[in-house]
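Colleague: Below is final.csv; it holds CSV, C-alpha atoms.
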chain,number,residue,atom,x,y,z
A,428,MET,CA,20.3,-52.5,26.0
A,429,SER,CA,16.8,-51.6,26.9
A,430,ARG,CA,17.7,-47.9,26.5
A,431,LEU,CA,19.0,-48.6,23.0
A,432,LYS,CA,15.7,-50.4,22.2
A,433,ASN,CA,13.7,-47.5,23.6
A,434,LYS,CA,15.7,-45.1,21.6
A,435,ASN,CA,15.3,-47.1,18.4
A,436,LYS,CA,11.6,-47.4,19.1
A,437,PHE,CA,11.3,-43.7,19.5
A,438,LYS,CA,13.2,-43.0,16.3
A,439,LYS,CA,11.0,-45.6,14.5
A,440,ILE,CA,7.8,-43.9,15.7
A,441,PHE,CA,9.0,-40.3,15.3
A,442,TYR,CA,10.4,-40.8,11.7
A,443,SER,CA,7.4,-42.7,10.5
A,444,TRP,CA,5.1,-41.4,7.7
A,445,PRO,CA,2.0,-40.8,9.8
A,446,VAL,CA,4.0,-38.5,12.2
A,447,PHE,CA,5.5,-36.8,9.1
A,448,VAL,CA,2.1,-36.1,7.7
A,449,LEU,CA,0.8,-34.9,11.0
A,450,LEU,CA,3.7,-32.5,11.4
A,451,LEU,CA,3.3,-31.3,7.8
A,452,ALA,CA,-0.4,-30.6,8.5
A,453,ILE,CA,0.5,-28.6,11.6
A,454,VAL,CA,3.0,-26.6,9.6
A,455,LEU,CA,0.5,-25.9,6.9
A,456,LEU,CA,-2.1,-24.9,9.5
A,457,VAL,CA,0.3,-22.4,11.1
A,458,ALA,CA,1.3,-21.1,7.7
A,459,SER,CA,-2.3,-20.6,6.8
A,460,GLY,CA,-2.8,-18.5,10.0
A,461,VAL,CA,0.2,-16.4,9.3
A,462,TRP,CA,-1.0,-15.8,5.7
A,463,GLY,CA,-4.4,-14.6,7.0
A,464,VAL,CA,-2.8,-12.3,9.5
A,465,SER,CA,-0.5,-10.8,6.9
A,466,LYS,CA,-3.4,-10.3,4.6
A,467,SER,CA,-5.4,-8.5,7.2
A,468,GLU,CA,-2.4,-6.4,8.1
A,469,ARG,CA,-2.0,-5.2,4.5
A,470,THR,CA,-5.7,-4.4,4.4
A,471,SER,CA,-5.4,-2.5,7.7
A,472,CYS,CA,-2.5,-0.5,6.4
A,473,GLY,CA,-4.5,0.5,3.3
A,474,LYS,CA,-7.5,1.5,5.4
A,475,LYS,CA,-5.2,3.5,7.7
A,476,ASP,CA,-3.7,5.4,4.8
A,477,SER,CA,-7.1,6.3,3.4
A,478,SER,CA,-8.3,7.3,6.8
A,479,GLU,CA,-5.3,9.5,7.4
A,480,GLU,CA,-5.9,11.2,4.0
A,481,ARG,CA,-9.6,11.7,4.8
A,482,TYR,CA,-8.7,13.1,8.2
A,483,ASP,CA,-6.3,15.6,6.7
A,484,LYS,CA,-8.9,16.7,4.2
A,485,LEU,CA,-11.5,17.1,7.0
A,486,GLU,CA,-8.9,19.0,9.1
A,487,ASP,CA,-8.2,21.4,6.2
A,488,LYS,CA,-12.0,21.9,5.7
A,489,SER,CA,-12.4,22.5,9.4
A,490,ASP,CA,-9.6,25.2,9.3
A,491,ASN,CA,-11.3,26.8,6.3
A,492,LEU,CA,-14.7,26.9,8.0
A,493,LEU,CA,-13.2,28.3,11.2
A,494,SER,CA,-11.5,31.1,9.3
A,495,GLU,CA,-14.7,31.9,7.5
A,496,ILE,CA,-16.6,31.9,10.8
A,497,GLU,CA,-14.0,34.3,12.2
A,498,SER,CA,-14.3,36.6,9.2
A,499,LEU,CA,-18.1,36.5,9.6
A,500,LYS,CA,-17.8,37.7,13.2
A,501,THR,CA,-16.6,41.1,11.9
A,502,GLU,CA,-18.9,43.7,10.3
A,503,LYS,CA,-16.6,43.9,7.2
A,504,GLY,CA,-16.7,40.1,6.7
A,505,ARG,CA,-20.5,40.0,7.0
A,506,GLU,CA,-20.8,42.9,4.5
A,507,SER,CA,-18.4,41.2,2.1
A,508,GLU,CA,-20.3,37.9,2.2
A,509,ILE,CA,-23.7,39.6,1.7
A,510,ARG,CA,-22.3,41.5,-1.3
A,511,ASP,CA,-20.9,38.4,-2.9
A,512,LYS,CA,-23.9,36.2,-2.4
A,513,PHE,CA,-26.7,38.6,-3.2
A,514,ARG,CA,-25.0,41.2,-5.4
A,515,VAL,CA,-26.2,44.2,-3.3
A,516,VAL,CA,-24.7,47.6,-2.9
A,517,LYS,CA,-25.0,50.3,-0.2
A,518,GLU,CA,-27.1,53.3,-0.7
A,519,GLY,CA,-25.3,55.7,-3.1
A,520,GLU,CA,-23.1,53.0,-4.6
A,521,GLN,CA,-23.5,51.5,-8.1
A,522,LEU,CA,-22.9,47.9,-9.2
A,523,ALA,CA,-21.2,47.3,-12.6
A,524,ILE,CA,-21.5,43.9,-14.2
A,525,ILE,CA,-19.0,43.2,-16.9
A,526,LEU,CA,-20.0,40.6,-19.5
A,527,LYS,CA,-17.6,38.6,-21.6
A,528,SER,CA,-17.3,39.3,-25.3
A,529,VAL,CA,-19.3,37.1,-27.7
A,530,ASP,CA,-16.0,36.3,-29.6
A,531,ASP,CA,-14.6,34.8,-26.4
A,532,PRO,CA,-14.2,31.0,-26.8
A,533,GLU,CA,-15.3,30.5,-23.2
A,534,CYS,CA,-18.5,32.4,-23.9
A,535,GLU,CA,-21.4,30.2,-24.7
A,536,VAL,CA,-24.1,31.6,-27.0
A,537,VAL,CA,-27.6,30.3,-26.4
A,538,GLU,CA,-30.0,30.6,-29.3
A,539,GLU,CA,-33.7,30.9,-28.5
A,540,ASN,CA,-35.9,28.4,-30.3
A,541,ASP,CA,-39.3,29.8,-31.2
A,542,GLY,CA,-40.6,26.3,-32.2
A,543,ASN,CA,-43.5,24.5,-30.6
A,544,LEU,CA,-43.3,22.0,-27.8
A,545,TRP,CA,-42.9,18.9,-30.1
A,546,LYS,CA,-40.0,20.5,-31.9
A,547,LYS,CA,-38.3,21.3,-28.6
A,548,ILE,CA,-38.7,17.7,-27.5
A,549,LEU,CA,-37.4,16.3,-30.8
A,550,ASP,CA,-34.4,18.7,-30.7
A,551,PHE,CA,-33.7,17.5,-27.1
A,552,LEU,CA,-33.9,13.8,-28.1
A,553,ARG,CA,-31.6,14.4,-31.1
A,554,ASP,CA,-28.9,15.9,-29.0
Transcribe the structure of this file into structure tokens.

Modeller:
Amino acid sequence: MSRLKNKNKFKKIFYSWPVFVLLLAIVLLVASGVWGVSKSERTSCGKKDSSEERYDKLEDKSDNLLSEIESLKTEKGRESEIRDKFRVVKEGEQLAIILKSVDDPECEVVEENDGNLWKKILDFLRD
């Protein structure tokens, strides 16, 4: 009989409102922690993806730079780079510069303004 009373007493305590509220608070606390972890996991995945993209871009840039360095190690590569950057030619060669036509829509015609300083400033401010 005392076992039955102890069992009923345990049920009475365990199924009471204060215990229910306590268990609910514990569940909410655990759920809050899980929510925070899942949120940080999503953020980490986003950062990981952007880091991988950045790494790939840097690796491509590194490969390009290494190939340029390799080409500059040869005499022909150095000569080509100097010709491109400074528009120079060897002795006895000639350089031809081909200009675009004025009728070409990509060609931009710049008109010279013979006005005074104030007129140039006013024209600049109007544009």

Colleague: Hey, can you check how far CA of Gly504 (chain A) sits from CA of Val516 (chain A)?

Modeller: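 Answer for the CA of Gly504 (chain A) to CA of Val516 (chain A) separation: 14.6 Å.
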
Colleague: Could you tell me how far CA of Lys484 (chain A) sits from CA of Phe513 (chain A), in Å to one decimal place?

Modeller: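 CA of Lys484 (chain A) lies at a distance of 29.2 Å from CA of Phe513 (chain A).
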
Colleague: What's the 10 Å shell around Glu506 (chain A), counting all atoms listed in the file, without same-chain residues fewer than 4 positions away, as a VMD selection string?

Modeller: chain A and resid 499 501 to 502 510 to 511 515 to 517

Colleague: Write out, as a tab-separated table, each residue of region 447-545 of chain A that has an atom at most 12 Å from region 432-442 of chain A, together with the closest pair of atoms and their distance in Å to one decimal, counting only C-alpha atoms, rows going by chain and rising number.

Modeller:
residue	atom	partner	partner_atom	distance
A:Phe447	CA	A:Tyr442	CA	6.8
A:Val448	CA	A:Tyr442	CA	10.3
A:Leu449	CA	A:Phe441	CA	10.7
A:Leu450	CA	A:Phe441	CA	10.2

Colleague: Provide the CA of Trp444 (chain A) to CA of Gly460 (chain A) distance in Å, to one decimal place.

Modeller: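 For CA of Trp444 (chain A) relative to CA of Gly460 (chain A), the distance reads 24.3 Å.
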